[in-house]
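With mmCIF, C-alpha atoms inside, this is target.cif:
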data_work
#
loop_
_atom_site.label_atom_id
_atom_site.label_comp_id
_atom_site.auth_asym_id
_atom_site.auth_seq_id
_atom_site.Cartn_x
_atom_site.Cartn_y
_atom_site.Cartn_z
CA MET A 1 -43.23 -5.58 -17.09
CA ALA A 2 -42.38 -8.93 -15.54
CA GLY A 3 -39.49 -10.52 -17.33
CA GLY A 4 -39.85 -8.05 -20.21
CA ALA A 5 -42.84 -9.94 -21.61
CA PRO A 6 -45.18 -7.73 -23.68
CA ARG A 7 -48.50 -6.71 -22.15
CA ILE A 8 -51.48 -7.10 -24.49
CA PHE A 9 -54.91 -5.52 -23.93
CA VAL A 10 -57.64 -7.98 -24.89
CA SER A 11 -59.68 -5.39 -26.81
CA HIS A 12 -56.79 -5.37 -29.32
CA LEU A 13 -57.19 -9.13 -29.81
CA ALA A 14 -60.85 -9.00 -30.84
CA GLY A 15 -61.21 -9.93 -34.50
CA ILE A 16 -57.51 -10.34 -35.29
CA ALA A 17 -56.49 -13.15 -37.64
CA VAL A 18 -55.14 -16.51 -36.49
CA PHE A 19 -52.52 -18.19 -38.70
CA ASP A 20 -50.88 -21.60 -38.81
CA PRO A 21 -47.06 -21.91 -39.09
CA ASN A 22 -47.31 -21.93 -42.92
CA GLY A 23 -48.95 -18.51 -42.95
CA ASP A 24 -52.44 -19.76 -43.81
CA GLN A 25 -55.28 -18.05 -41.97
CA VAL A 26 -57.42 -20.45 -39.93
CA GLY A 27 -59.84 -18.00 -38.31
CA ARG A 28 -60.27 -14.90 -36.15
CA VAL A 29 -60.21 -14.29 -32.39
CA ARG A 30 -63.66 -13.72 -30.92
CA ASP A 31 -62.93 -13.91 -27.18
CA VAL A 32 -60.39 -14.80 -24.52
CA VAL A 33 -61.09 -17.59 -22.00
CA ALA A 34 -59.83 -17.13 -18.43
CA MET A 35 -60.26 -18.90 -15.10
CA LEU A 36 -60.72 -16.92 -11.88
CA ARG A 37 -58.57 -18.08 -8.97
CA VAL A 38 -58.86 -18.01 -5.22
CA GLY A 39 -58.02 -14.80 -3.30
CA ARG A 40 -56.50 -11.95 -5.28
CA ARG A 41 -54.37 -14.13 -7.56
CA PRO A 42 -54.60 -12.99 -11.20
CA PRO A 43 -56.81 -15.17 -13.42
CA ARG A 44 -55.08 -17.70 -15.62
CA VAL A 45 -55.68 -17.26 -19.36
CA LEU A 46 -56.66 -20.69 -20.72
CA GLY A 47 -57.00 -19.89 -24.42
CA LEU A 48 -58.81 -18.10 -27.21
CA VAL A 49 -62.21 -18.57 -28.81
CA VAL A 50 -61.49 -18.68 -32.54
CA GLU A 51 -64.14 -18.42 -35.24
CA LEU A 52 -63.33 -20.49 -38.33
CA SER A 53 -64.36 -19.59 -41.86
CA THR A 54 -67.35 -21.94 -41.40
CA ARG A 55 -68.46 -19.67 -38.49
CA ARG A 56 -67.88 -22.53 -36.06
CA ARG A 57 -66.25 -21.30 -32.84
CA ILE A 58 -63.51 -23.49 -31.41
CA PHE A 59 -61.17 -23.33 -28.41
CA LEU A 60 -57.46 -22.64 -29.01
CA PRO A 61 -55.38 -23.36 -25.86
CA MET A 62 -52.66 -20.84 -25.07
CA THR A 63 -50.19 -23.74 -25.06
CA ARG A 64 -50.73 -23.90 -28.84
CA VAL A 65 -50.09 -20.19 -29.38
CA THR A 66 -46.51 -19.55 -30.42
CA GLY A 67 -46.77 -15.78 -30.87
CA ILE A 68 -49.06 -12.74 -30.68
CA GLU A 69 -47.62 -9.88 -32.69
CA SER A 70 -48.39 -7.39 -35.47
CA ALA A 71 -52.15 -7.85 -34.98
CA GLN A 72 -52.02 -11.60 -35.59
CA VAL A 73 -51.91 -14.84 -33.62
CA ILE A 74 -49.55 -17.63 -34.71
CA THR A 75 -50.38 -21.21 -33.69
CA THR A 76 -48.61 -24.55 -33.71
CA GLY A 77 -50.99 -25.57 -36.51
CA VAL A 78 -52.64 -28.25 -34.36
CA LEU A 79 -56.31 -27.28 -33.93
CA ASN A 80 -59.22 -29.18 -32.43
CA VAL A 81 -62.21 -28.12 -34.54
CA ARG A 82 -64.89 -29.25 -32.10
CA ARG A 83 -67.32 -26.52 -31.12
CA PHE A 84 -66.30 -24.43 -28.08
CA GLU A 85 -68.34 -25.07 -24.94
CA GLN A 86 -67.75 -22.89 -21.89
CA ARG A 87 -67.03 -24.68 -18.60
CA PRO A 88 -68.56 -23.56 -15.26
CA THR A 89 -65.24 -22.17 -13.97
CA GLU A 90 -64.38 -20.32 -17.20
CA ARG A 91 -65.00 -16.63 -17.94
CA LEU A 92 -65.19 -15.02 -21.37
CA VAL A 93 -63.14 -11.85 -20.96
CA LEU A 94 -64.74 -9.79 -23.74
CA GLY A 95 -68.22 -11.16 -23.13
CA GLU A 96 -68.33 -11.18 -19.33
CA MET A 97 -65.64 -8.96 -17.86
CA LEU A 98 -65.65 -5.80 -19.95
CA ASP A 99 -68.24 -3.15 -18.96
CA ARG A 100 -68.61 -4.86 -15.61
CA ARG A 101 -69.05 -2.68 -12.48
CA VAL A 102 -66.42 -3.51 -9.85
CA ARG A 103 -64.91 -1.75 -6.85
CA LEU A 104 -61.42 -0.42 -6.23
CA VAL A 105 -59.79 -1.85 -3.13
CA GLU A 106 -58.82 0.93 -0.75
CA SER A 107 -56.98 0.17 2.51
CA GLY A 108 -57.90 -3.48 2.13
CA GLU A 109 -61.64 -2.78 1.84
CA PRO A 110 -63.97 -2.43 -1.21
CA GLY A 111 -64.22 1.23 -2.13
CA GLU A 112 -65.28 3.28 -5.14
CA VAL A 113 -67.35 1.68 -7.93
CA VAL A 114 -65.66 1.76 -11.36
CA THR A 115 -66.42 0.37 -14.84
CA VAL A 116 -64.07 -2.10 -16.52
CA LEU A 117 -63.05 -0.86 -19.98
CA ASP A 118 -60.30 -3.39 -20.73
CA VAL A 119 -57.91 -5.90 -19.17
CA SER A 120 -54.37 -6.80 -20.17
CA VAL A 121 -52.77 -10.24 -20.41
CA GLN A 122 -49.13 -11.13 -20.07
CA GLN A 123 -47.08 -14.32 -20.44
CA LEU A 124 -45.24 -15.37 -17.30
CA PRO A 125 -41.43 -15.43 -17.48
CA ALA A 126 -39.89 -18.74 -18.61
CA ARG A 127 -43.33 -20.40 -18.77
CA ARG A 128 -46.11 -20.94 -21.24
CA ASP A 129 -48.78 -19.73 -18.82
CA TRP A 130 -50.56 -16.41 -19.36
CA GLU A 131 -52.35 -14.29 -16.75
CA ILE A 132 -54.60 -11.25 -16.62
CA ASP A 133 -52.38 -8.74 -14.83
CA ARG A 134 -53.95 -5.27 -15.22
CA VAL A 135 -57.44 -3.75 -15.36
CA PHE A 136 -58.25 -0.51 -17.23
CA VAL A 137 -61.20 1.22 -15.51
CA ARG A 138 -63.26 4.41 -15.65
CA ARG A 139 -64.40 6.13 -12.48
CA GLY A 140 -67.99 7.03 -11.86
CA LYS A 141 -68.94 9.95 -9.65
CA GLY A 142 -65.85 10.80 -7.68
CA GLY A 143 -65.03 12.91 -4.67
CA THR A 144 -64.00 16.55 -4.60
CA PHE A 145 -60.74 16.02 -6.44
CA ARG A 146 -61.92 13.32 -8.86
CA ARG A 147 -63.51 13.99 -12.21
CA LYS A 148 -66.28 11.79 -13.51
CA GLY A 149 -64.99 9.76 -16.43
CA GLU A 150 -61.36 9.68 -15.27
CA THR A 151 -59.60 6.49 -16.44
CA LEU A 152 -56.73 4.60 -14.86
CA THR A 153 -54.95 1.25 -15.07
CA VAL A 154 -54.58 -0.77 -11.88
CA ASP A 155 -53.24 -4.16 -10.87
CA TRP A 156 -55.73 -7.04 -10.78
CA SER A 157 -55.41 -7.18 -7.00
CA ALA A 158 -56.59 -3.54 -6.74
CA VAL A 159 -60.17 -4.38 -7.78
CA THR A 160 -62.85 -6.70 -6.43
CA GLY A 161 -66.20 -7.86 -7.75
CA PHE A 162 -65.40 -10.12 -10.71
CA SER A 163 -66.61 -13.31 -9.09
CA LEU A 164 -70.09 -14.29 -10.22
CA GLU A 165 -72.78 -15.05 -7.68
CA GLU A 166 -73.11 -18.78 -7.02
CA HIS A 167 -76.53 -20.31 -7.82
CA GLY A 168 -77.00 -23.70 -6.16
CA GLN A 169 -74.00 -25.83 -5.28
CA GLY A 170 -71.48 -25.50 -8.06
CA ALA A 171 -67.90 -26.69 -8.07
CA GLU A 172 -66.07 -23.36 -8.37
CA ASN A 173 -65.35 -22.82 -4.67
CA LEU A 174 -64.33 -26.43 -4.21
CA LEU A 175 -61.95 -26.21 -7.16
CA ALA A 176 -60.46 -22.96 -5.87
CA THR A 177 -59.77 -24.68 -2.54
CA PHE A 178 -57.87 -27.51 -4.21
CA GLU A 179 -56.24 -25.53 -7.03
CA GLN A 180 -52.71 -26.04 -5.75
CA LEU A 181 -53.02 -29.78 -5.16
CA ARG A 182 -51.03 -32.21 -7.23
CA PRO A 183 -53.18 -34.35 -9.58
CA ALA A 184 -52.68 -37.43 -7.37
CA ASP A 185 -53.88 -35.54 -4.29
CA LEU A 186 -56.87 -34.03 -6.10
CA ALA A 187 -57.71 -37.53 -7.36
CA ASN A 188 -57.68 -38.75 -3.76
CA VAL A 189 -60.12 -35.97 -2.81
CA LEU A 190 -62.34 -36.74 -5.80
CA HIS A 191 -62.44 -40.44 -4.96
CA HIS A 192 -63.98 -39.69 -1.56
CA LEU A 193 -66.68 -37.34 -2.82
CA SER A 194 -70.20 -38.51 -3.57
CA PRO A 195 -70.87 -39.50 -7.22
CA LYS A 196 -72.93 -36.31 -7.64
CA ARG A 197 -70.14 -34.01 -6.42
CA ARG A 198 -67.52 -36.00 -8.30
CA ALA A 199 -69.42 -35.42 -11.54
CA GLU A 200 -69.82 -31.68 -10.77
CA VAL A 201 -66.12 -31.22 -10.12
CA ALA A 202 -65.14 -33.25 -13.21
CA ALA A 203 -67.46 -31.12 -15.35
CA ALA A 204 -65.83 -27.93 -14.07
CA LEU A 205 -62.21 -29.00 -14.55
CA THR A 206 -60.37 -28.09 -17.73
CA ASN A 207 -59.68 -30.96 -20.12
CA GLU A 208 -55.97 -30.91 -19.30
CA ARG A 209 -56.50 -30.90 -15.52
CA LEU A 210 -59.18 -33.62 -15.71
CA ALA A 211 -56.87 -35.79 -17.83
CA ASP A 212 -54.10 -35.48 -15.22
CA VAL A 213 -56.52 -36.38 -12.42
CA LEU A 214 -58.08 -39.32 -14.30
CA GLU A 215 -54.63 -40.87 -14.68
CA GLU A 216 -54.38 -41.00 -10.87
CA LEU A 217 -57.85 -42.40 -10.11
CA PRO A 218 -58.90 -46.02 -9.55
CA GLU A 219 -60.26 -47.74 -12.64
CA ASP A 220 -63.91 -47.71 -11.47
CA ASP A 221 -63.81 -43.94 -10.89
CA GLN A 222 -62.22 -43.37 -14.30
CA ILE A 223 -64.97 -45.28 -16.07
CA GLU A 224 -67.72 -43.58 -14.03
CA ILE A 225 -66.44 -40.05 -14.75
CA LEU A 226 -65.76 -40.70 -18.43
CA GLY A 227 -69.25 -42.16 -18.81
CA LYS A 228 -70.88 -38.98 -17.47
CA LEU A 229 -69.11 -36.69 -19.94
CA LYS A 230 -70.49 -35.85 -23.35
CA GLU A 231 -68.81 -38.09 -25.89
CA GLU A 232 -67.02 -35.24 -27.66
CA ARG A 233 -65.62 -33.95 -24.39
CA ALA A 234 -64.65 -37.45 -23.31
CA ALA A 235 -62.65 -37.75 -26.55
CA ASP A 236 -60.97 -34.37 -25.85
CA VAL A 237 -59.95 -35.54 -22.36
CA LEU A 238 -58.58 -38.82 -23.72
CA GLU A 239 -56.46 -36.81 -26.17
CA GLU A 240 -54.93 -34.90 -23.24
CA MET A 241 -54.05 -38.10 -21.34
CA ASP A 242 -50.76 -39.90 -21.83
CA PRO A 243 -51.38 -42.42 -24.64
CA ASP A 244 -50.62 -45.42 -22.42
CA ASP A 245 -53.10 -44.26 -19.75
CA ALA A 246 -55.74 -43.54 -22.39
CA ALA A 247 -55.20 -47.00 -23.87
CA ASP A 248 -55.60 -48.63 -20.43
CA LEU A 249 -58.85 -46.74 -19.80
CA LEU A 250 -60.33 -47.44 -23.22
CA GLY A 251 -59.41 -51.09 -22.86
CA GLU A 252 -61.89 -51.35 -19.96
CA LEU A 253 -64.83 -50.04 -22.00
CA PRO A 254 -67.28 -52.05 -24.11
CA GLU A 255 -66.08 -52.46 -27.69
CA ASP A 256 -68.75 -50.16 -29.18
CA ASP A 257 -67.99 -47.33 -26.71
CA LYS A 258 -64.25 -47.71 -27.26
CA GLU A 259 -64.54 -47.49 -31.04
CA ARG A 260 -66.92 -44.53 -30.89
CA LEU A 261 -64.51 -42.53 -28.69
CA LEU A 262 -61.49 -43.46 -30.81
CA THR A 263 -63.35 -42.24 -33.90
CA LEU A 264 -64.05 -38.88 -32.19
CA MET A 265 -60.39 -38.39 -31.20
CA GLN A 266 -57.88 -36.61 -33.40
CA PRO A 267 -56.50 -39.21 -35.87
CA SER A 268 -52.88 -38.89 -34.71
CA ASP A 269 -53.85 -39.32 -31.03
CA ALA A 270 -56.14 -42.24 -31.84
CA ALA A 271 -53.40 -43.92 -33.87
CA ASP A 272 -51.00 -43.85 -30.89
CA VAL A 273 -53.66 -45.32 -28.60
CA ARG A 274 -54.63 -48.04 -31.09
CA ARG A 275 -50.97 -49.01 -31.45
CA LEU A 276 -50.62 -49.44 -27.69
CA MET A 277 -53.83 -51.42 -27.42
CA ALA A 278 -52.42 -53.96 -29.88
CA TYR A 279 -49.92 -55.15 -27.24
CA GLU A 280 -50.74 -57.46 -24.35
CA ASP A 281 -51.33 -56.05 -20.88
CA LYS A 282 -48.34 -55.91 -18.55
CA THR A 283 -45.79 -56.07 -21.35
CA ALA A 284 -43.33 -53.34 -22.31
CA GLY A 285 -45.44 -52.57 -25.40
CA GLY A 286 -48.60 -52.25 -23.32
CA LEU A 287 -46.96 -50.13 -20.60
CA MET A 288 -44.86 -47.77 -22.72
CA THR A 289 -45.61 -44.20 -23.69
CA THR A 290 -45.26 -43.34 -27.37
CA GLU A 291 -44.04 -39.79 -26.59
CA PRO A 292 -40.47 -39.95 -25.21
CA ILE A 293 -37.90 -37.29 -26.10
CA VAL A 294 -36.44 -38.32 -29.46
CA LEU A 295 -33.53 -36.50 -31.11
CA ARG A 296 -31.53 -36.98 -34.29
CA PRO A 297 -27.78 -37.62 -33.92
CA ASP A 298 -26.88 -34.16 -35.27
CA ALA A 299 -28.91 -32.38 -32.55
CA THR A 300 -26.87 -30.62 -29.87
CA VAL A 301 -26.77 -30.86 -26.10
CA ALA A 302 -28.47 -27.44 -26.03
CA ASP A 303 -31.33 -28.90 -28.14
CA ALA A 304 -31.64 -31.82 -25.74
CA LEU A 305 -31.73 -29.63 -22.64
CA ALA A 306 -34.39 -27.41 -24.22
CA ARG A 307 -36.58 -30.49 -24.72
CA VAL A 308 -35.92 -31.73 -21.19
CA ARG A 309 -37.08 -28.37 -19.76
CA ASN A 310 -40.63 -28.94 -21.05
CA PRO A 311 -42.78 -28.56 -17.89
CA ASP A 312 -45.38 -31.00 -19.27
CA LEU A 313 -42.91 -33.91 -19.10
CA SER A 314 -42.91 -36.21 -16.09
CA PRO A 315 -39.59 -36.36 -14.20
CA ALA A 316 -39.08 -39.94 -15.42
CA LEU A 317 -39.50 -39.02 -19.10
CA ALA A 318 -37.29 -35.96 -18.68
CA ALA A 319 -34.49 -38.05 -17.16
CA GLN A 320 -33.10 -39.13 -20.53
CA VAL A 321 -33.36 -38.62 -24.27
CA TYR A 322 -33.28 -41.19 -27.07
CA VAL A 323 -31.24 -40.70 -30.23
CA CYS A 324 -32.56 -42.20 -33.48
CA ARG A 325 -32.24 -41.90 -37.22
CA PRO A 326 -35.15 -40.09 -38.93
CA PRO A 327 -38.09 -40.16 -38.61
CA ASP A 328 -37.87 -38.87 -35.07
CA GLU A 329 -41.44 -39.70 -34.04
CA THR A 330 -42.27 -43.18 -32.80
CA PRO A 331 -41.92 -45.63 -34.41
CA THR A 332 -38.63 -44.04 -35.35
CA GLY A 333 -35.79 -44.87 -37.66
CA LYS A 334 -32.92 -46.92 -36.26
CA TYR A 335 -32.47 -46.50 -32.49
CA LEU A 336 -28.87 -45.47 -31.74
CA GLY A 337 -28.73 -45.03 -27.99
CA THR A 338 -29.69 -43.12 -24.85
CA ILE A 339 -28.27 -40.05 -23.11
CA HIS A 340 -28.98 -39.47 -19.45
CA PHE A 341 -29.78 -36.01 -18.14
CA GLN A 342 -26.66 -35.94 -15.95
CA ARG A 343 -24.45 -36.54 -18.99
CA LEU A 344 -26.12 -33.62 -20.79
CA LEU A 345 -25.11 -31.36 -17.91
CA ARG A 346 -21.47 -32.39 -18.20
CA ASP A 347 -20.92 -31.61 -21.90
CA PRO A 348 -20.69 -28.26 -23.74
CA PRO A 349 -23.97 -27.04 -25.28
CA TYR A 350 -22.63 -27.31 -28.84
CA THR A 351 -21.75 -31.03 -28.50
CA MET A 352 -23.67 -33.26 -30.90
CA VAL A 353 -25.70 -35.88 -29.07
CA GLY A 354 -24.58 -38.57 -31.51
CA SER A 355 -21.08 -38.36 -30.02
CA ILE A 356 -22.02 -38.96 -26.36
CA LEU A 357 -24.43 -41.89 -26.63
CA ASP A 358 -24.78 -44.68 -24.11
CA ASP A 359 -25.21 -47.48 -26.65
CA ASP A 360 -24.22 -50.41 -24.42
CA LEU A 361 -27.54 -50.68 -22.61
CA GLN A 362 -29.81 -53.38 -24.00
CA ALA A 363 -33.27 -52.04 -24.94
CA LEU A 364 -36.51 -53.77 -23.96
CA SER A 365 -38.53 -55.81 -26.42
CA PRO A 366 -42.23 -54.82 -26.68
CA SER A 367 -43.12 -58.36 -25.58
CA ALA A 368 -41.02 -58.17 -22.38
CA ALA A 369 -43.18 -59.18 -19.40
CA LEU A 370 -43.59 -57.16 -16.21
CA PRO A 371 -41.09 -59.17 -14.08
CA GLU A 372 -38.42 -58.74 -16.77
CA ILE A 373 -39.09 -54.99 -16.94
CA ALA A 374 -38.93 -54.63 -13.15
CA GLY A 375 -35.66 -56.61 -13.09
CA PHE A 376 -34.24 -54.31 -15.78
CA PHE A 377 -35.01 -51.19 -13.72
CA ALA A 378 -33.59 -52.73 -10.53
CA THR A 379 -30.42 -53.99 -12.21
CA TYR A 380 -29.50 -50.77 -13.99
CA ASP A 381 -30.99 -48.21 -11.53
CA MET A 382 -33.13 -46.76 -14.31
CA VAL A 383 -36.27 -44.60 -14.17
CA ALA A 384 -37.10 -45.06 -17.87
CA ALA A 385 -36.12 -47.54 -20.56
CA PRO A 386 -36.36 -47.65 -24.37
CA VAL A 387 -38.63 -50.15 -26.11
CA VAL A 388 -37.27 -51.24 -29.50
CA ASP A 389 -38.74 -53.63 -32.10
CA GLU A 390 -36.98 -56.34 -34.12
CA SER A 391 -36.11 -53.88 -36.90
CA GLY A 392 -34.28 -51.63 -34.44
CA SER A 393 -36.89 -48.82 -34.37
CA LEU A 394 -37.74 -47.06 -31.11
CA LEU A 395 -41.41 -47.69 -30.27
CA GLY A 396 -41.59 -45.79 -26.98
CA ALA A 397 -40.32 -45.78 -23.42
CA VAL A 398 -41.44 -47.47 -20.21
CA THR A 399 -41.19 -45.37 -17.04
CA VAL A 400 -40.83 -46.60 -13.49
CA ASP A 401 -44.19 -45.14 -12.42
CA ASP A 402 -45.98 -47.31 -15.00
CA VAL A 403 -44.18 -50.38 -13.65
CA LEU A 404 -45.14 -49.54 -10.06
CA ASP A 405 -48.77 -48.93 -11.06
CA HIS A 406 -49.03 -52.52 -12.25
CA MET A 407 -46.99 -54.15 -9.46
CA LEU A 408 -48.80 -52.59 -6.49
CA PRO A 409 -52.08 -54.10 -5.19
CA ASP A 410 -55.15 -53.25 -7.29
CA ASP A 411 -56.60 -51.05 -4.54
CA TRP A 412 -53.45 -49.04 -3.78
CA ARG A 413 -54.95 -45.84 -5.21
CA GLU A 414 -57.82 -46.05 -2.73
CA GLN A 415 -55.50 -45.61 0.25
CA GLU A 416 -55.65 -42.11 1.72
CA PHE A 417 -52.49 -40.05 1.81
CA HIS A 418 -52.11 -37.14 4.23
CA LEU A 419 -52.68 -33.80 2.54
CA ALA A 420 -51.41 -30.46 3.81
CA GLY A 421 -54.08 -29.52 6.36
CA ASP A 422 -57.45 -31.10 7.09
CA VAL A 423 -60.15 -30.63 4.50
CA ASN A 424 -63.88 -30.77 5.10
CA HIS A 425 -65.70 -31.79 1.93
CA GLY A 426 -69.30 -30.71 1.72
CA GLU A 427 -71.82 -32.88 -0.07
#

Any chance you could give the structure as structure tokens?
Amino acid sequence: MAGGAPRIFVSHLAGIAVFDPNGDQVGRVRDVVAMLRVGRRPPRVLGLVVELSTRRRIFLPMTRVTGIESAQVITTGVLNVRRFEQRPTERLVLGEMLDRRVRLVESGEPGEVVTVLDVSVQQLPARRDWEIDRVFVRRGKGGTFRRKGETLTVDWSAVTGFSLEEHGQGAENLLATFEQLRPADLANVLHHLSPKRRAEVAAALTNERLADVLEELPEDDQIEILGKLKEERAADVLEEMDPDDAADLLGELPEDDKERLLTLMQPSDAADVRRLMAYEDKTAGGLMTTEPIVLRPDATVADALARVRNPDLSPALAAQVYVCRPPDETPTGKYLGTIHFQRLLRDPPYTMVGSILDDDLQALSPSAALPEIAGFFATYDMVAAPVVDESGSLLGAVTVDDVLDHMLPDDWREQEFHLAGDVNHGE
């Protein structure tokens, strides 16, 4: 097994209990959601369909699963209880893959027809991603030396026939073509599609991927795409966006639409966005993110490096950590200082962060205007800076990419950048 990670067959997941970190049961697993990928790459496991005690079925992302063991699933405790709706590029493993007739690949060509009895999933080494890696199949009528009913387990790449037939012009093939693009490059592609195709692709993207792409699109495209989503899904996508980007987007909507979407969002996410919207545009308060890396002074360098390794962090946010008195969520207790990533690499893992602070650097006020912020970054060669209120509490952090977004011409996102290879986009 890759990296020693346990392999789990999905039939063993059906019906098992899902618990929060306190040990309280929140529901049971009813299916596994996966996304097929281009070529013979194993499908990515997106999450689980969980049935609550109310019989409502919700989606639990794999990023919120902390463990699968002893016939139970443990979650982070953060659940979105909106009803699960399957996207065009998603496959229900139990409902759509099992009992399917596929072919074994022999010498590079489709060969014998077999029946899928089960598939196994495995977490990738040093990552939170999960993939379908193996397929358990039963042969049909075999040759001279093969018995009917013989079973075997093969790699995902050893079978073909899982892709569903395309009816009309969907977005699946287009998405597979651009799967490896960075969000900014996919946004550039999306911008140059027709409104019809743009809506089809947006509908097929996962909430997380669509959020990343929206953050890179021109304002008009953001509003157009958000307006074509169902309100509940629009709220889900806004929750996945960085709070400062979500606040900017909501600020462009009519007041009634803005309030309706904020009401549909999870209260904690909505609270962060509302707090940012209270500040004026192009100030440190309006540009900052409310989710920097915050540590207490008794945390260690090892703790800090573990937080910095989070693959969901932008390079700018991962460049430094902020040390504060409790509470350690913004707005925090008293802000004590900053530690840059390079300093973390120079000190032993057991060193307490409170002893290696850079506390000489003046923090930004939430009312600091854009020219002052830009001057701060240029003067101190920074890629991120703390924003602290009059009471000394850390409110958030401004990153250099947010500053550039607001200093470049309004139409800078509409300029084409060269992608790897020429792409022909069908309408």

Would you write out, as a VMD selection string, every residue that the PyMOL selection byres ((chain A and resi 278-288) around 7) captures in this file?
-> chain A and resid 244 274 to 277 289 to 290 365 to 370 387 396 to 398 402

Name the residues that the PyMOL selection byres ((chain A and resi 240) around 7) pulls out of this structure, and write them as a ChimeraX atom specification.
-> /A:207-208,211,236-239,241-242

Within 8 Å of Ala299 in chain A using all atoms listed in the file, minus same-chain residues under 5 positions, as a PyMOL selection string = chain A and resi 304+352-354

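Relative to CA of Ala246 in chain A, CA of Leu295 in chain A is found at 24.9 Å.
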
For range 377-382 of chain A, work out the shell of residues within 12 Å, counting all atoms listed in the file and skipping chain neighbours fewer than 3 positions away, then give it as an MDAnalysis selection string.
-> chainID A and resid 316:317 319:320 338 340:341 360:364 370:374 385:386 397:404

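Nearest-residue note for Glu200 in chain A: choosing from A:Glu252, A:Arg233, A:Val137, A:Pro88, the minimum distance belongs to A:Pro88, counting only C-alpha atoms.
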
Neighbour list for range 184-194 of chain A as an NGL selection string, cut-off 6 Å, only C-alpha atoms, skip fewer than 2 positions in-chain | :A and (181-182 or 196-198 or 213 or 216-217)

The PyMOL selection byres ((chain A and resi 334) around 9) on the file shown: which residues, as a ChimeraX atom specification?
-> /A:323-327,332-333,335-336,391-394

Proximity to Pro267 in chain A - best of A:Ala235, A:Ile223, A:Val383, A:Leu117, all atoms listed in the file | A:Ala235

Gly77 in chain A environment, 9 Å, only C-alpha atoms, sequence neighbours closer than 6 positions dropped, as a VMD selection string | chain A and resid 19 to 22 26 64 to 65

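The shell of residues at most 6 Å from Ala204 in chain A, with only C-alpha atoms counted and near chain neighbours (fewer than 3 positions) removed, consists of Arg87, Pro88, Thr89 and Val201 of chain A.
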